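Student: Here you go, upload28.cif (mmCIF, C-alpha atoms):
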```cif
data_target
loop_
_atom_site.label_atom_id
_atom_site.label_comp_id
_atom_site.auth_asym_id
_atom_site.auth_seq_id
_atom_site.Cartn_x
_atom_site.Cartn_y
_atom_site.Cartn_z
CA MET M 1 116.36 82.36 119.48
CA ALA M 2 117.33 82.75 115.95
CA ASN M 3 114.23 81.75 114.12
CA THR M 4 111.94 84.60 114.83
CA PHE M 5 109.80 86.68 112.57
CA GLN M 6 107.73 89.81 112.77
CA VAL M 7 104.02 89.36 113.45
CA ASP M 8 101.37 92.05 113.21
CA VAL M 9 97.74 91.45 113.98
CA VAL M 10 95.63 94.44 113.02
CA SER M 11 91.92 95.15 113.03
CA PRO M 12 90.23 98.30 111.74
CA GLU M 13 90.00 99.64 115.26
CA ALA M 14 93.45 98.88 116.56
CA THR M 15 96.71 97.01 116.36
CA VAL M 16 95.87 93.91 118.35
CA TRP M 17 99.27 92.32 118.58
CA SER M 18 102.65 93.22 117.25
CA GLY M 19 106.05 91.84 117.92
CA SER M 20 108.59 89.16 117.30
CA ALA M 21 107.40 85.57 117.35
CA THR M 22 108.59 82.04 116.75
CA PHE M 23 105.34 80.36 115.83
CA VAL M 24 101.87 81.30 114.63
CA LEU M 25 98.85 79.06 114.36
CA ALA M 26 95.97 80.36 112.28
CA LYS M 27 92.87 78.95 110.68
CA THR M 28 92.20 79.25 106.98
CA PRO M 29 89.32 77.78 104.95
CA ASP M 30 91.53 74.77 104.19
CA GLY M 31 92.24 74.04 107.82
CA GLU M 32 94.67 75.06 110.49
CA LEU M 33 98.01 76.35 109.47
CA GLY M 34 101.15 76.56 111.51
CA ILE M 35 103.73 79.12 110.49
CA MET M 36 107.33 79.16 111.55
CA ALA M 37 110.25 81.27 110.45
CA ASN M 38 111.16 81.22 106.75
CA HIS M 39 107.73 80.05 105.75
CA GLU M 40 106.91 80.19 102.08
CA PRO M 41 105.25 83.45 100.92
CA LEU M 42 101.54 82.97 101.36
CA MET M 43 98.39 84.94 100.94
CA GLY M 44 95.26 83.49 102.40
CA SER M 45 91.97 84.32 103.98
CA LEU M 46 91.15 83.70 107.61
CA VAL M 47 88.09 82.11 109.11
CA THR M 48 86.58 82.58 112.53
CA GLY M 49 88.73 80.86 115.11
CA ALA M 50 91.60 81.09 117.49
CA VAL M 51 95.02 82.32 116.46
CA ILE M 52 97.92 81.40 118.65
CA VAL M 53 101.11 83.41 118.62
CA GLU M 54 104.18 82.18 120.41
CA ALA M 55 106.32 85.18 121.15
CA GLU M 56 110.07 85.30 121.17
CA ASP M 57 110.22 84.94 124.93
CA GLY M 58 108.09 81.83 124.81
CA THR M 59 104.82 83.32 126.02
CA ARG M 60 101.74 82.24 124.17
CA THR M 61 99.01 84.64 123.23
CA THR M 62 95.63 83.48 122.09
CA ILE M 63 93.67 85.81 119.86
CA GLY M 64 90.08 85.31 118.85
CA VAL M 65 89.76 86.31 115.21
CA HIS M 66 86.80 86.82 112.95
CA GLY M 67 87.43 87.05 109.22
CA GLY M 68 90.24 88.72 107.35
CA PHE M 69 93.46 87.89 105.57
CA LEU M 70 96.79 86.40 106.29
CA GLN M 71 99.99 87.31 104.56
CA VAL M 72 103.34 85.66 104.95
CA LEU M 73 106.18 87.33 103.18
CA GLU M 74 109.88 87.47 103.89
CA ASN M 75 109.52 86.51 107.50
CA GLN M 76 106.76 88.97 108.08
CA VAL M 77 103.38 87.67 109.03
CA THR M 78 100.49 90.06 108.77
CA LEU M 79 97.00 89.21 109.90
CA ILE M 80 94.47 91.70 108.67
CA THR M 81 91.37 90.83 110.62
CA ASP M 82 87.84 92.19 110.66
CA ARG M 83 87.64 91.73 114.37
CA ALA M 84 90.13 90.40 116.85
CA GLN M 85 90.50 90.19 120.58
CA VAL M 86 93.27 88.90 122.80
CA THR M 87 92.24 86.39 125.44
CA SER M 88 94.07 85.09 128.44
CA GLY M 89 92.92 81.52 128.13
CA GLY M 90 93.89 78.71 125.83
CA ARG M 91 92.79 77.65 122.43
CA GLU M 92 89.27 76.70 123.40
CA GLU M 93 88.65 80.09 124.94
CA GLY M 94 90.12 81.77 121.88
CA ARG M 95 87.66 79.90 119.74
CA GLN M 96 84.80 80.94 121.97
CA VAL M 97 85.87 84.57 121.84
CA ALA M 98 86.10 84.38 118.07
CA GLU M 99 82.63 82.91 117.85
CA GLN M 100 81.37 85.62 120.11
CA LEU M 101 82.95 88.24 117.88
CA ALA M 102 81.32 86.62 114.89
CA ALA M 103 77.96 86.65 116.64
CA GLU M 104 78.37 90.28 117.64
CA ALA M 105 79.19 91.28 114.12
CA PRO M 106 76.08 92.83 112.61
CA PRO M 107 74.68 90.77 109.74
CA ASP M 108 75.66 93.47 107.29
CA GLU M 109 79.28 92.72 108.03
CA GLU M 110 79.31 90.17 105.30
CA PRO M 111 81.84 91.19 102.68
CA ILE M 112 80.43 93.64 100.21
CA GLU M 113 79.20 91.86 97.14
CA VAL M 114 80.48 93.37 93.97
CA PRO M 115 77.64 92.99 91.48
CA GLU M 116 78.64 91.03 88.42
CA GLU M 117 76.82 92.63 85.54
CA THR M 118 77.83 96.05 84.33
CA PRO M 119 75.13 97.78 82.29
CA LEU M 120 77.66 100.02 80.64
CA SER M 121 77.30 101.91 77.42
CA MET E 1 63.47 150.16 144.35
CA ALA E 2 65.56 149.23 141.38
CA SER E 3 65.06 151.30 138.31
CA ALA E 4 63.80 149.75 135.09
CA GLN E 5 67.21 150.03 133.47
CA LEU E 6 68.97 148.32 136.34
CA ARG E 7 66.48 145.49 136.35
CA ASP E 8 66.86 144.97 132.59
CA THR E 9 70.62 144.91 132.76
CA ARG E 10 70.58 142.43 135.61
CA ARG E 11 68.23 140.19 133.71
CA ARG E 12 70.55 140.25 130.70
CA ILE E 13 73.51 139.37 132.86
CA ARG E 14 71.66 136.39 134.21
CA SER E 15 70.72 135.16 130.75
CA VAL E 16 74.24 135.59 129.41
CA GLU E 17 75.53 133.67 132.41
CA ALA E 18 73.15 130.82 131.66
CA ILE E 19 74.31 130.71 128.04
CA LYS E 20 77.90 130.79 129.15
CA LYS E 21 77.33 127.72 131.29
CA ILE E 22 75.99 125.87 128.28
CA THR E 23 78.80 126.86 125.94
CA ARG E 24 81.37 126.06 128.62
CA ALA E 25 79.83 122.62 129.10
CA MET E 26 79.88 121.99 125.36
CA GLU E 27 83.47 123.15 125.20
CA LEU E 28 84.46 120.73 127.94
CA ILE E 29 82.60 117.85 126.32
CA ALA E 30 84.27 118.52 122.99
CA THR E 31 87.66 118.83 124.67
CA SER E 32 87.24 115.50 126.38
CA ARG E 33 86.33 113.81 123.13
CA ILE E 34 89.24 115.07 121.06
CA PRO E 35 91.94 112.78 122.48
CA LYS E 36 89.67 109.78 122.09
CA ALA E 37 88.82 110.62 118.51
CA GLN E 38 92.46 111.27 117.79
CA ALA E 39 93.50 107.96 119.31
CA ARG E 40 90.97 106.18 117.11
CA VAL E 41 92.37 107.89 114.01
CA ASN E 42 95.83 106.68 114.91
CA ALA E 43 94.64 103.21 115.87
CA SER E 44 92.98 102.71 112.50
CA LYS E 45 96.06 103.65 110.50
CA PRO E 46 98.07 100.40 110.76
CA TYR E 47 95.14 98.45 109.34
CA THR E 48 94.92 100.63 106.26
CA ALA E 49 98.68 100.65 105.84
CA LYS E 50 98.86 96.85 106.01
CA LEU E 51 95.95 96.52 103.64
CA ILE E 52 97.66 98.72 101.08
CA GLU E 53 100.82 96.70 101.49
CA VAL E 54 98.97 93.46 100.87
CA ILE E 55 97.10 94.85 97.87
CA GLU E 56 100.39 96.02 96.40
CA ASN E 57 101.87 92.58 96.86
CA VAL E 58 98.89 90.82 95.37
CA GLY E 59 98.95 93.22 92.47
CA ALA E 60 102.67 92.63 91.99
CA ALA E 61 102.06 88.90 92.12
CA GLY E 62 100.13 89.26 88.91
CA ALA E 63 96.60 89.00 90.15
CA GLY E 64 96.06 91.45 87.36
CA ALA E 65 94.84 95.01 87.59
CA LYS E 66 91.59 93.93 86.08
CA HIS E 67 89.23 94.11 88.96
CA ARG E 68 86.08 96.10 88.42
CA LEU E 69 86.87 98.42 91.28
CA LEU E 70 90.11 99.33 89.53
CA GLU E 71 88.41 100.03 86.25
CA GLN E 72 89.04 103.52 84.87
CA ARG E 73 86.24 104.43 82.56
CA GLU E 74 85.02 107.52 80.86
CA ILE E 75 83.46 109.69 83.53
CA LYS E 76 79.88 110.71 82.95
CA THR E 77 78.49 110.63 86.44
CA VAL E 78 80.44 111.48 89.55
CA GLY E 79 79.45 110.39 93.01
CA LEU E 80 80.26 112.91 95.72
CA LEU E 81 80.38 111.91 99.34
CA VAL E 82 80.24 114.91 101.64
CA VAL E 83 81.11 114.37 105.29
CA SER E 84 79.67 117.06 107.55
CA SER E 85 78.33 117.10 111.08
CA ASP E 86 74.89 116.34 112.47
CA ARG E 87 74.80 119.30 114.80
CA GLY E 88 75.75 122.91 114.48
CA LEU E 89 77.65 125.02 116.99
CA ALA E 90 80.94 123.94 115.49
CA GLY E 91 81.91 127.18 113.83
CA SER E 92 82.48 126.91 110.13
CA TYR E 93 83.23 123.19 110.26
CA SER E 94 80.35 122.00 108.12
CA SER E 95 80.11 125.01 105.87
CA ASN E 96 83.77 124.76 104.88
CA VAL E 97 83.43 121.20 103.59
CA ILE E 98 80.12 121.96 101.97
CA ARG E 99 81.57 124.98 100.21
CA LEU E 100 84.43 122.91 98.84
CA ALA E 101 82.02 120.26 97.61
CA GLU E 102 79.72 122.80 96.06
CA SER E 103 82.48 124.45 94.07
CA ARG E 104 83.42 121.01 92.77
CA ILE E 105 79.79 120.40 91.81
CA ARG E 106 79.77 123.63 89.82
CA GLN E 107 82.98 122.66 88.10
CA LEU E 108 81.55 119.26 87.17
CA ASP E 109 78.44 121.00 85.98
CA ARG E 110 80.46 123.11 83.59
CA GLU E 111 82.12 119.96 82.32
CA ASP E 112 78.67 118.56 81.62
CA LYS E 113 78.94 115.72 84.08
CA ASP E 114 76.18 114.39 86.21
CA VAL E 115 76.52 114.49 89.95
CA VAL E 116 75.13 112.07 92.49
CA LEU E 117 75.32 113.15 96.10
CA TYR E 118 75.80 111.13 99.26
CA ALA E 119 75.62 113.04 102.50
CA VAL E 120 77.08 112.09 105.84
CA GLY E 121 75.67 114.28 108.58
CA LYS E 122 72.50 116.28 108.78
CA LYS E 123 74.16 119.55 107.81
CA ALA E 124 75.23 118.43 104.35
CA GLN E 125 71.91 116.72 103.81
CA ALA E 126 69.91 119.81 104.78
CA TYR E 127 72.10 122.15 102.77
CA PHE E 128 71.94 120.25 99.52
CA ARG E 129 68.32 119.29 99.85
CA TYR E 130 67.35 122.90 100.42
CA ARG E 131 69.15 123.86 97.24
CA GLY E 132 67.36 121.21 95.27
CA PHE E 133 70.21 118.77 94.71
CA ARG E 134 69.33 115.15 94.45
CA ILE E 135 70.71 113.22 97.38
CA GLU E 136 71.03 109.54 96.69
CA GLY E 137 71.87 108.53 100.21
CA SER E 138 72.33 110.13 103.57
CA TYR E 139 73.86 108.77 106.73
CA LEU E 140 72.90 110.47 109.94
CA GLY E 141 74.07 109.97 113.49
CA VAL E 142 77.47 108.55 112.57
CA THR E 143 79.79 111.53 112.89
CA ASP E 144 80.02 111.65 116.67
CA THR E 145 81.70 108.29 117.13
CA PRO E 146 81.84 106.52 113.79
CA GLY E 147 81.99 102.74 113.97
CA TYR E 148 83.37 100.38 111.40
CA GLY E 149 79.83 99.27 110.60
CA ASP E 150 78.96 102.84 109.57
CA ALA E 151 81.95 102.94 107.26
CA ARG E 152 80.81 99.63 105.81
CA ALA E 153 77.34 100.97 105.08
CA VAL E 154 78.71 104.03 103.33
CA ALA E 155 81.34 102.05 101.45
CA SER E 156 78.93 99.40 100.26
CA THR E 157 76.62 102.01 98.77
CA ALA E 158 79.51 103.58 96.91
CA VAL E 159 80.93 100.25 95.75
CA THR E 160 77.56 99.00 94.52
CA ALA E 161 76.79 102.20 92.67
CA PHE E 162 80.22 102.15 91.09
CA ALA E 163 80.19 98.49 90.16
CA THR E 164 76.78 98.67 88.53
CA GLY E 165 77.89 101.62 86.45
CA ARG E 166 75.52 104.03 88.14
CA ILE E 167 78.47 106.30 88.82
CA ASP E 168 81.90 106.32 87.22
CA SER E 169 83.93 107.71 90.07
CA VAL E 170 83.55 108.58 93.72
CA GLU E 171 85.08 111.61 95.40
CA VAL E 172 85.01 112.18 99.12
CA PHE E 173 84.92 115.59 100.78
CA PHE E 174 85.83 115.71 104.43
CA THR E 175 87.83 117.68 106.93
CA ARG E 176 91.32 116.34 107.44
CA TYR E 177 92.57 116.43 110.97
CA GLN E 178 96.08 117.80 110.72
CA SER E 179 96.57 118.93 114.27
CA ALA E 180 94.52 120.24 117.14
CA MET E 181 94.70 123.69 115.59
CA THR E 182 94.45 122.99 111.87
CA GLN E 183 91.81 121.03 110.07
CA THR E 184 91.46 121.46 106.36
CA PRO E 185 88.60 120.52 104.08
CA THR E 186 90.02 117.98 101.68
CA ARG E 187 89.01 116.00 98.64
CA VAL E 188 89.99 112.37 98.22
CA ASP E 189 89.29 110.15 95.24
CA LEU E 190 87.82 106.90 96.47
CA LEU E 191 86.82 105.00 93.35
CA PRO E 192 88.07 103.74 91.00
CA ILE E 193 90.89 102.58 93.22
CA THR E 194 94.10 103.91 91.76
CA PRO E 195 96.58 101.07 91.64
CA PRO E 196 99.36 101.88 94.07
CA GLU E 197 102.63 102.83 92.46
CA GLN E 198 104.92 99.88 91.94
CA THR E 199 107.54 100.61 94.51
CA GLU E 200 111.09 99.46 94.23
CA GLY E 201 110.59 96.92 96.93
CA ALA E 202 108.26 95.08 94.58
CA LYS E 203 108.26 91.65 96.09
CA PRO E 204 109.15 88.47 94.23
CA THR E 205 106.11 87.32 92.39
CA ALA E 206 106.64 83.71 91.46
CA THR E 207 106.90 82.24 94.93
CA TYR E 208 103.68 83.71 96.21
CA GLU E 209 101.18 81.10 97.18
CA PHE E 210 97.48 81.87 97.36
CA GLU E 211 95.05 79.92 99.45
CA PRO E 212 92.02 80.81 97.38
CA SER E 213 92.86 82.15 93.93
CA PRO E 214 94.48 85.58 93.57
CA GLU E 215 91.32 86.88 91.92
CA GLU E 216 89.23 85.76 94.85
CA ILE E 217 91.58 87.36 97.32
CA LEU E 218 91.58 90.61 95.38
CA ASP E 219 87.84 90.43 95.15
CA ARG E 220 87.64 90.47 98.91
CA LEU E 221 90.55 92.79 99.55
CA LEU E 222 89.47 95.71 97.43
CA PRO E 223 86.04 96.30 99.00
CA ARG E 224 87.83 96.03 102.35
CA TYR E 225 90.20 98.71 101.22
CA VAL E 226 87.33 101.01 100.31
CA GLU E 227 85.77 100.38 103.70
CA ALA E 228 88.99 101.08 105.53
CA THR E 229 89.47 104.31 103.60
CA VAL E 230 85.95 105.45 104.39
CA PHE E 231 86.45 104.48 108.02
CA ASN E 232 89.59 106.58 108.15
CA VAL E 233 87.79 109.49 106.57
CA LEU E 234 84.95 109.28 109.08
CA LEU E 235 87.31 109.10 112.02
CA GLU E 236 89.33 112.07 110.85
CA ALA E 237 86.18 114.04 110.20
CA SER E 238 84.95 113.19 113.67
CA ALA E 239 88.18 114.37 115.30
CA SER E 240 88.02 117.56 113.24
CA GLU E 241 84.42 118.13 114.23
CA HIS E 242 85.19 117.88 117.93
CA SER E 243 88.13 120.25 117.55
CA ALA E 244 86.06 122.73 115.59
CA ARG E 245 83.31 122.57 118.18
CA ARG E 246 85.74 123.07 121.00
CA ARG E 247 87.16 126.14 119.33
CA ALA E 248 83.74 127.59 118.53
CA MET E 249 82.48 127.01 122.05
CA LYS E 250 85.63 128.47 123.57
CA ALA E 251 85.10 131.62 121.53
CA ALA E 252 81.47 131.72 122.62
CA THR E 253 82.40 131.33 126.29
CA ASP E 254 85.01 134.08 126.01
CA ASN E 255 82.49 136.35 124.35
CA ALA E 256 79.96 135.67 127.08
CA GLU E 257 82.54 136.55 129.71
CA GLU E 258 83.32 139.82 127.96
CA LEU E 259 79.63 140.61 127.66
CA ILE E 260 79.05 139.90 131.34
CA ARG E 261 81.89 142.25 132.22
CA LEU E 262 80.43 145.05 130.13
CA LEU E 263 76.93 144.53 131.45
CA SER E 264 78.16 144.51 135.04
CA VAL E 265 79.79 147.90 134.51
CA GLN E 266 76.53 149.12 133.07
CA ALA E 267 74.52 147.71 135.95
CA ASN E 268 76.82 149.28 138.53
CA ARG E 269 76.58 152.60 136.79
CA ALA E 270 72.79 152.41 136.82
CA ARG E 271 72.83 151.47 140.50
CA GLN E 272 75.12 154.38 141.34
CA ALA E 273 72.98 156.81 139.39
CA GLU E 274 70.00 155.56 141.34
CA ILE E 275 71.75 156.00 144.69
CA THR E 276 72.91 159.46 143.70
CA THR E 277 69.36 160.40 142.78
CA ALA E 278 68.06 159.04 146.06
CA ILE E 279 70.64 160.95 148.11
CA THR E 280 69.98 164.13 146.20
CA GLU E 281 66.29 163.68 146.85
CA ILE E 282 66.78 163.04 150.58
CA VAL E 283 69.17 165.97 150.99
CA GLY E 284 66.84 168.18 148.97
CA GLY E 285 63.85 167.03 151.04
CA ALA E 286 65.67 167.60 154.35
CA GLU E 287 66.71 171.06 153.34
CA ALA E 288 63.19 171.90 152.26
CA LEU E 289 61.93 170.72 155.70
CA ALA E 290 64.58 172.76 157.55
CA GLU E 291 63.57 175.72 155.45
CA THR E 292 59.92 175.49 156.56
CA ARG E 293 60.80 174.97 160.22
CA ARG E 294 62.83 178.12 160.34
#
```
Go through the file and emit its structure as structure tokens.
Tutor:
Amino acid sequence: MANTFQVDVVSPEATVWSGSATFVLAKTPDGELGIMANHEPLMGSLVTGAVIVEAEDGTRTTIGVHGGFLQVLENQVTLITDRAQVTSGGREEGRQVAEQLAAEAPPDEEPIEVPEETPLS
Amino acid sequence: MASAQLRDTRRRIRSVEAIKKITRAMELIATSRIPKAQARVNASKPYTAKLIEVIENVGAAGAGAKHRLLEQREIKTVGLLVVSSDRGLAGSYSSNVIRLAESRIRQLDREDKDVVLYAVGKKAQAYFRYRGFRIEGSYLGVTDTPGYGDARAVASTAVTAFATGRIDSVEVFFTRYQSAMTQTPTRVDLLPITPPEQTEGAKPTATYEFEPSPEEILDRLLPRYVEATVFNVLLEASASEHSARRRAMKAATDNAEELIRLLSVQANRARQAEITTAITEIVGGAEALAETRR
């Protein structure tokens, strides 16, 4: 398998998944996004949903993800998530897990708002 | 009949033994928590590392170093975040950090800068409140097992205060966990975020594609970065606290053992003296009786 790339899925608490993969499916605000080797450099945000990683050996891993960022650069895919959890089931279950993670997230887990006005000197 | 001295000594032995049981239990609890805390410190590191990497790339891609969290301005008011523990019995753990922070406060005072304090842990809060410092925010009950939500709460206070111009920089004082034996009180500058050095591996900029705009991404990344840094700080502090407590409680247990040994010697001596007195009395009495019979 020649067309592999490095994938790292990290959350603040742990490294959720790391290894060599052939395909990644993630969800961004614009819709679902499939990534294969030699994908164009990309920086995007993630939305709550299932992420599917197809590893080098052909096994598929479904990861429920809530919020975060996605970076594709030089055959390295990095998913920086707020919360993530690996599930055994398929895509539907991944989505459910992600929604559960979103529901568990305390309401204050909204991104910190940076106030606009600066009453400076 | 035990003499008064013997009874007293025995009572002390019993009380020291009871204390020893408590300190031993606390030592064991702390010992069991260290590996867990340490594992959490390590587990949180990849996230921060990746975040820094991404921020560097976004910065290199020309998103511009013009975010308000990157803004270096003239420093008039400094926010100090002091991470201590909620409970005592951890040796000099809290006092070391507090001392470091206080010397920094004095230095800032000499430079005519205002100081705003944020305290994590009851010890820092109590210390500074007692000395009449103004504490803008305190976070209690987080140091044992800090969660990401706690870090978020602390970070958001700091970010808001910084962004509104209430404070011009944020410094964090905490105990860095270097190894099981060494933990050092450390200062880390949190805000403004210092733009990471442009490394040689600066990635190609033109081909970078952003899903929302670079500004938007940066706008969401940077607060995340502050959160992750605070989270790391809290986790390290927590690991340090457990180590410090383990050490303090081990010393206490050892001292109790030594004390019990000394008191036992004393008790035995008192008991022997008592027996000797009794024998002398009996022998004396018997002789006196034999005397009269003769």
Student: Compare E:Phe133, E:Tyr47, E:Phe162, E:Tyr127 by their minimum atom-to-atom distance to chain M, counting only C-alpha atoms, and give me the closest one.
Tutor: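 Using only C-alpha atoms, the shortest distance to chain M belongs to E:Tyr47.
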Student: Compile the residues of chain M that lie within 6 Å of chain E, evaluated using all atoms listed in the file, and express the compilation as a list in words.
Tutor: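 Selected residues: Val10, Ser11, Pro12, Glu13, Ala14, Pro41, Leu42, Met43, Gly44, Ile112 and Thr118 of chain M.
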Student: Just to confirm, what's the straight-line distance from CA of Arg12 (chain E) to CA of Thr276 (chain E) in Å (one decimal)?
Tutor: 23.3 Å
Student: Any idea what's packed within 9 Å of Thr48 (chain M), counting all atoms listed in the file, ignoring anything in its chain fewer than 2 positions away? Could you give it as a list in words?
Tutor: Lys27, Thr28, Leu46, Ala50, Gly64, Val65, His66, Gly67, Gly68, Arg95, Ala98, Glu99, Leu101 and Ala102 of chain M
Student: Name the closest residue to Asp57 (chain M) among the candidates M:Val77, M:Ala26, M:Ala21, M:Met36; distances are taken between atoms, counting only C-alpha atoms.
Tutor: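 Nearest candidate to Asp57 (chain M) out of M:Val77, M:Ala26, M:Ala21, M:Met36: M:Ala21.
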Student: What is the CA of Gln178 (chain E) to CA of Phe128 (chain E) distance in Å?
Tutor: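 Computing the Euclidean distance for CA of Gln178 (chain E) and CA of Phe128 (chain E) yields 26.7 Å.
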Student: Applying 9 Å and only C-alpha atoms, which residues near Thr78 (chain M) remain after dropping the ones on its own chain fewer than 5 positions away? List them as a PyMOL selection string.
Tutor: (chain M and resi 6-10+69-73) or (chain E and resi 50+54)
Student: Can you pull out the residues contacting Glu236 (chain E)? Cut-off 12 Å, using only C-alpha atoms, and skip same-chain residues under 3 positions away; I want them as a ChimeraX atom specification.
Tutor: /E:34-45,83-84,143-146,173-180,183-186,229-233,239-243
Student: Selection in question (the file shown): the PyMOL selection byres ((chain M and resi 24) around 8). Which residues does it include, as a list in words?
Tutor: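 Answer for the PyMOL selection byres ((chain M and resi 24) around 8): Ala21, Thr22, Phe23, Leu25, Ala26, Gly34, Ile35, Met36, Val51, Ile52, Val53 and Glu54 of chain M.
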Student: With C-alpha atoms retained, write the just-selected residues as a PDB file, in the coordinates of the input.
Tutor:
```pdb
ATOM      1  CA  ALA M  21     107.400  85.570 117.350  1.00  0.00           C
ATOM      2  CA  THR M  22     108.590  82.040 116.750  1.00  0.00           C
ATOM      3  CA  PHE M  23     105.340  80.360 115.830  1.00  0.00           C
ATOM      4  CA  LEU M  25      98.850  79.060 114.360  1.00  0.00           C
ATOM      5  CA  ALA M  26      95.970  80.360 112.280  1.00  0.00           C
ATOM      6  CA  GLY M  34     101.150  76.560 111.510  1.00  0.00           C
ATOM      7  CA  ILE M  35     103.730  79.120 110.490  1.00  0.00           C
ATOM      8  CA  MET M  36     107.330  79.160 111.550  1.00  0.00           C
ATOM      9  CA  VAL M  51      95.020  82.320 116.460  1.00  0.00           C
ATOM     10  CA  ILE M  52      97.920  81.400 118.650  1.00  0.00           C
ATOM     11  CA  VAL M  53     101.110  83.410 118.620  1.00  0.00           C
ATOM     12  CA  GLU M  54     104.180  82.180 120.410  1.00  0.00           C
TER      13      GLU M  54
END
```
Student: What does the structure give for the distance between CA of Ser20 (chain M) and CA of Gln76 (chain M), in Å to one decimal?
Tutor: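 So the two atoms, CA of Ser20 (chain M) and CA of Gln76 (chain M), lie 9.4 Å apart.
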Student: Pick out the residues sitting within 6 Å of region 259-268 of chain E, and hand them over as a list in words; count all atoms listed in the file, and ignore anything fewer than 6 positions along from it in its own chain.
Tutor: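 Here the qualifying residues turn out to be Leu6, Thr9 and Ile13 of chain E.
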Student: Counting all atoms listed in the file, which residues sit no farther than 10 Å from the position (73.9, 119.0, 104.5) in the file's frame? I'd like them as a PDB file with C-alpha atoms, in the frame of the given file.
Tutor:
```pdb
ATOM      1  CA  VAL E  82      80.240 114.910 101.640  1.00  0.00           C
ATOM      2  CA  VAL E  83      81.110 114.370 105.290  1.00  0.00           C
ATOM      3  CA  SER E  84      79.670 117.060 107.550  1.00  0.00           C
ATOM      4  CA  SER E  85      78.330 117.100 111.080  1.00  0.00           C
ATOM      5  CA  ASP E  86      74.890 116.340 112.470  1.00  0.00           C
ATOM      6  CA  SER E  94      80.350 122.000 108.120  1.00  0.00           C
ATOM      7  CA  SER E  95      80.110 125.010 105.870  1.00  0.00           C
ATOM      8  CA  VAL E  97      83.430 121.200 103.590  1.00  0.00           C
ATOM      9  CA  ILE E  98      80.120 121.960 101.970  1.00  0.00           C
ATOM     10  CA  TYR E 118      75.800 111.130  99.260  1.00  0.00           C
ATOM     11  CA  ALA E 119      75.620 113.040 102.500  1.00  0.00           C
ATOM     12  CA  VAL E 120      77.080 112.090 105.840  1.00  0.00           C
ATOM     13  CA  GLY E 121      75.670 114.280 108.580  1.00  0.00           C
ATOM     14  CA  LYS E 122      72.500 116.280 108.780  1.00  0.00           C
ATOM     15  CA  LYS E 123      74.160 119.550 107.810  1.00  0.00           C
ATOM     16  CA  ALA E 124      75.230 118.430 104.350  1.00  0.00           C
ATOM     17  CA  GLN E 125      71.910 116.720 103.810  1.00  0.00           C
ATOM     18  CA  ALA E 126      69.910 119.810 104.780  1.00  0.00           C
ATOM     19  CA  TYR E 127      72.100 122.150 102.770  1.00  0.00           C
ATOM     20  CA  PHE E 128      71.940 120.250  99.520  1.00  0.00           C
ATOM     21  CA  ARG E 129      68.320 119.290  99.850  1.00  0.00           C
ATOM     22  CA  TYR E 130      67.350 122.900 100.420  1.00  0.00           C
ATOM     23  CA  ARG E 131      69.150 123.860  97.240  1.00  0.00           C
ATOM     24  CA  ILE E 135      70.710 113.220  97.380  1.00  0.00           C
ATOM     25  CA  SER E 138      72.330 110.130 103.570  1.00  0.00           C
TER      26      SER E 138
END
```
Student: From the set E:Arg271, E:Arg14, E:Lys250, E:Arg245, which residue has the shortest atom-to-atom contact distance to Arg87 (chain E), counting only C-alpha atoms?
Tutor: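 Checking each candidate against Arg87 (chain E), we get E:Arg245 as the closest.
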Student: Neighbouring residues of Leu108 (chain E) were defined as those with any atom within 12 Å, considering all atoms listed in the file; residues of the same chain fewer than 4 positions away were excluded. Please report them as a PyMOL selection string.
Tutor: chain E and resi 75-80+101-104+112-116+171
Student: Let's have the selection written as a compact mmCIF listing (two decimals), in the frame of the given file, with C-alpha atoms.
Tutor:
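Contents of out-v4.txt, freshly written:
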```
# COMPACT_ATOMS: atom_id res chain seq x y z
CA ILE E 75 83.46 109.69 83.53
CA LYS E 76 79.88 110.71 82.95
CA THR E 77 78.49 110.63 86.44
CA VAL E 78 80.44 111.48 89.55
CA GLY E 79 79.45 110.39 93.01
CA LEU E 80 80.26 112.91 95.72
CA ALA E 101 82.02 120.26 97.61
CA GLU E 102 79.72 122.80 96.06
CA SER E 103 82.48 124.45 94.07
CA ARG E 104 83.42 121.01 92.77
CA ASP E 112 78.67 118.56 81.62
CA LYS E 113 78.94 115.72 84.08
CA ASP E 114 76.18 114.39 86.21
CA VAL E 115 76.52 114.49 89.95
CA VAL E 116 75.13 112.07 92.49
CA GLU E 171 85.08 111.61 95.40
```
Student: Enumerate, as a list in words, the residues matched when the PyMOL selection byres ((chain E and resi 20) around 8) is run on the file above.
Tutor: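 On this input, the PyMOL selection byres ((chain E and resi 20) around 8) captures Val16, Glu17, Ala18, Ile19, Lys21, Ile22, Thr23, Arg24, Ala252, Thr253, Ala256 and Glu257 of chain E.
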Student: Axis-aligned box over every listed atom of region 58-71 of chain M, padded by 6 Å per side: centre and edges in Å to one decimal, as lines of an AutoDock Vina configuration file?
Tutor:
```
center_x = 97.4
center_y = 85.3
center_z = 115.3
size_x = 33.3
size_y = 18.9
size_z = 33.5
```
